[in-house]
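Here's the structure, in structure tokens; my notes come after.
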Amino acid sequence: MYGYMRLAANGGVGDEGETIRQELMTHAEREGFTLEQMFVEQVPTYEPAFDCLAAALRGGRVRDVIVPSLWHFARLPGLQRAMRDHIEREIGARIWIVQGVRP
């Protein structure tokens with residue numbers, strides 16, 4: 001399973017990123033997966049993590065992606081749907097959303 005998260009422009013990977021990474025890893029393991037790679041979107045960036053994630057899904061054997069919430073794809077609901085549709089319908093991968101899941 002791959003992980004994906006977006007960090008605030010003024011935030012680093014530091015504590016916030018590590019907390020989210022641990023939460024995703026715990027949830028993935030609970031569902032029987034191993035978190036193989038984490039794609040982290042940071043602004044500004046030269047190579048968007050979402051594009052790297054999509055390329056990895058197309059070229060590999062991993063078919064599952066875990067995210068803390070759809071907000072990590074985008075802030076606008078329409079863009080969230082478009083990014084989710086791209087992964088699920090065009091690439092054929094499954095998205096796991098942690099938000100709202102009880103431990």
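The chains in the structure tokens are called A, B, ... from first to last as shown; in each chain the residues are counted from 1, and the ligands are counted from 1 in the order shown.
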- [ ] DSSP on the backbone, then: every residue of chain A marked alpha helix (DSSP H), written as a PyMOL selection string.
- [x] chain A and resi 18-30+49-59+77-85
Deliver the residues from the most recent selection as a file, using N, CA and C atoms, as a CSV table (one decimal), in the first residue's frame.
chain,number,residue,atom,x,y,z
A,18,GLU,N,5.2,13.2,10.7
A,18,GLU,CA,5.5,11.9,11.3
A,18,GLU,C,4.3,11.4,12.0
A,19,THR,N,3.5,12.3,12.6
A,19,THR,CA,2.3,11.8,13.3
A,19,THR,C,1.3,11.2,12.3
A,20,ILE,N,1.1,11.9,11.2
A,20,ILE,CA,0.2,11.4,10.1
A,20,ILE,C,0.8,10.1,9.5
A,21,ARG,N,2.1,10.0,9.3
A,21,ARG,CA,2.7,8.8,8.8
A,21,ARG,C,2.4,7.6,9.7
A,22,GLN,N,2.6,7.8,11.0
A,22,GLN,CA,2.4,6.8,12.0
A,22,GLN,C,0.9,6.3,12.0
A,23,GLU,N,0.0,7.3,11.9
A,23,GLU,CA,-1.4,7.0,11.8
A,23,GLU,C,-1.8,6.1,10.6
A,24,LEU,N,-1.2,6.5,9.5
A,24,LEU,CA,-1.5,5.8,8.2
A,24,LEU,C,-0.9,4.4,8.3
A,25,MET,N,0.3,4.3,8.9
A,25,MET,CA,1.0,3.0,9.0
A,25,MET,C,0.2,2.1,9.9
A,26,THR,N,-0.3,2.6,11.0
A,26,THR,CA,-1.1,1.8,12.0
A,26,THR,C,-2.4,1.3,11.3
A,27,HIS,N,-3.1,2.2,10.6
A,27,HIS,CA,-4.3,1.8,9.9
A,27,HIS,C,-4.1,0.8,8.8
A,28,ALA,N,-3.0,1.0,8.1
A,28,ALA,CA,-2.7,0.0,7.0
A,28,ALA,C,-2.4,-1.4,7.6
A,29,GLU,N,-1.6,-1.4,8.6
A,29,GLU,CA,-1.3,-2.7,9.3
A,29,GLU,C,-2.6,-3.4,9.8
A,30,ARG,N,-3.5,-2.6,10.4
A,30,ARG,CA,-4.7,-3.1,10.9
A,30,ARG,C,-5.6,-3.7,9.8
A,49,ALA,N,3.9,15.4,-5.8
A,49,ALA,CA,3.8,14.0,-5.2
A,49,ALA,C,2.6,13.2,-5.8
A,50,PHE,N,1.5,13.9,-6.1
A,50,PHE,CA,0.4,13.2,-6.7
A,50,PHE,C,0.7,12.6,-8.0
A,51,ASP,N,1.5,13.3,-8.9
A,51,ASP,CA,1.9,12.8,-10.2
A,51,ASP,C,2.8,11.6,-10.0
A,52,CYS,N,3.7,11.7,-9.0
A,52,CYS,CA,4.6,10.5,-8.7
A,52,CYS,C,3.8,9.3,-8.2
A,53,LEU,N,2.8,9.6,-7.4
A,53,LEU,CA,2.0,8.5,-6.9
A,53,LEU,C,1.3,7.8,-8.1
A,54,ALA,N,0.6,8.6,-8.9
A,54,ALA,CA,-0.1,8.1,-10.1
A,54,ALA,C,0.9,7.2,-11.0
A,55,ALA,N,2.1,7.7,-11.2
A,55,ALA,CA,3.0,7.0,-12.0
A,55,ALA,C,3.4,5.7,-11.4
A,56,ALA,N,3.6,5.7,-10.0
A,56,ALA,CA,4.0,4.5,-9.3
A,56,ALA,C,2.9,3.5,-9.4
A,57,LEU,N,1.6,3.9,-9.3
A,57,LEU,CA,0.5,3.0,-9.4
A,57,LEU,C,0.4,2.4,-10.8
A,58,ARG,N,0.6,3.2,-11.8
A,58,ARG,CA,0.5,2.7,-13.2
A,58,ARG,C,1.6,1.7,-13.4
A,59,GLY,N,2.8,1.9,-12.9
A,59,GLY,CA,3.9,1.0,-13.2
A,59,GLY,C,4.2,-0.1,-12.3
A,77,PRO,N,-13.9,20.4,-3.0
A,77,PRO,CA,-14.5,19.2,-3.2
A,77,PRO,C,-14.5,18.6,-4.6
A,78,GLY,N,-14.7,19.5,-5.6
A,78,GLY,CA,-14.7,19.1,-7.0
A,78,GLY,C,-13.3,18.5,-7.4
A,79,LEU,N,-12.3,19.2,-7.0
A,79,LEU,CA,-10.9,18.7,-7.3
A,79,LEU,C,-10.6,17.4,-6.5
A,80,GLN,N,-11.1,17.3,-5.3
A,80,GLN,CA,-11.0,16.0,-4.5
A,80,GLN,C,-11.6,14.9,-5.3
A,81,ARG,N,-12.8,15.1,-5.8
A,81,ARG,CA,-13.5,14.1,-6.6
A,81,ARG,C,-12.7,13.7,-7.9
A,82,ALA,N,-12.2,14.7,-8.5
A,82,ALA,CA,-11.4,14.5,-9.8
A,82,ALA,C,-10.2,13.6,-9.5
A,83,MET,N,-9.5,14.0,-8.4
A,83,MET,CA,-8.3,13.2,-8.1
A,83,MET,C,-8.6,11.8,-7.7
A,84,ARG,N,-9.7,11.7,-6.9
A,84,ARG,CA,-10.1,10.3,-6.5
A,84,ARG,C,-10.5,9.5,-7.7
A,85,ASP,N,-11.3,10.1,-8.6
A,85,ASP,CA,-11.7,9.4,-9.8
A,85,ASP,C,-10.6,9.0,-10.6
Open item on the list: as a ChimeraX atom specification, please: every residue in chain A that DSSP puts in strand (DSSP E).
Closed with: /A:2-6,37-41,64-67,94-97
Can you spit out the residues from that selection as a short mmCIF file (atom, residue, chain, number, x, y, z; two decimals), in the first residue's frame, using N, CA and C atoms?
data_model
loop_
_atom_site.label_atom_id
_atom_site.label_comp_id
_atom_site.auth_asym_id
_atom_site.auth_seq_id
_atom_site.Cartn_x
_atom_site.Cartn_y
_atom_site.Cartn_z
N TYR A 2 0.47 2.24 -0.78
CA TYR A 2 1.15 3.53 -0.76
C TYR A 2 0.38 4.48 0.14
N GLY A 3 1.08 5.46 0.68
CA GLY A 3 0.45 6.51 1.45
C GLY A 3 0.62 7.84 0.74
N TYR A 4 -0.30 8.74 0.98
CA TYR A 4 -0.23 10.07 0.38
C TYR A 4 -0.73 11.08 1.40
N MET A 5 0.01 12.19 1.53
CA MET A 5 -0.43 13.28 2.39
C MET A 5 0.07 14.60 1.84
N ARG A 6 -0.68 15.63 2.16
CA ARG A 6 -0.30 17.00 1.80
C ARG A 6 -0.01 17.75 3.10
N GLN A 37 5.44 2.81 0.60
CA GLN A 37 6.06 4.09 0.26
C GLN A 37 5.09 5.22 0.59
N MET A 38 5.63 6.35 1.01
CA MET A 38 4.83 7.52 1.36
C MET A 38 5.11 8.63 0.37
N PHE A 39 4.07 9.18 -0.23
CA PHE A 39 4.19 10.31 -1.14
C PHE A 39 3.71 11.55 -0.39
N VAL A 40 4.58 12.54 -0.25
CA VAL A 40 4.28 13.72 0.55
C VAL A 40 4.28 14.95 -0.35
N GLU A 41 3.12 15.61 -0.41
CA GLU A 41 2.96 16.83 -1.20
C GLU A 41 3.33 18.02 -0.32
N ASP A 64 -3.38 -0.11 -3.87
CA ASP A 64 -4.09 0.52 -2.76
C ASP A 64 -3.34 1.76 -2.31
N VAL A 65 -4.11 2.81 -1.96
CA VAL A 65 -3.54 4.07 -1.47
C VAL A 65 -4.30 4.47 -0.22
N ILE A 66 -3.56 4.87 0.82
CA ILE A 66 -4.19 5.31 2.05
C ILE A 66 -3.91 6.80 2.23
N VAL A 67 -4.96 7.55 2.61
CA VAL A 67 -4.85 8.99 2.84
C VAL A 67 -5.52 9.33 4.18
N ARG A 94 -7.46 1.36 -5.37
CA ARG A 94 -8.45 1.58 -4.32
C ARG A 94 -7.91 2.60 -3.32
N ILE A 95 -8.76 3.53 -2.89
CA ILE A 95 -8.36 4.52 -1.91
C ILE A 95 -8.96 4.18 -0.55
N TRP A 96 -8.12 4.21 0.47
CA TRP A 96 -8.54 3.99 1.85
C TRP A 96 -8.45 5.35 2.55
N ILE A 97 -9.54 5.79 3.17
CA ILE A 97 -9.58 7.08 3.84
C ILE A 97 -9.66 6.84 5.34
#
TODO: Measure the distance from CA of Arg63 in chain A to CA of Ile87 in chain A in Å and round it to one decimal.
DONE: 9.4 Å
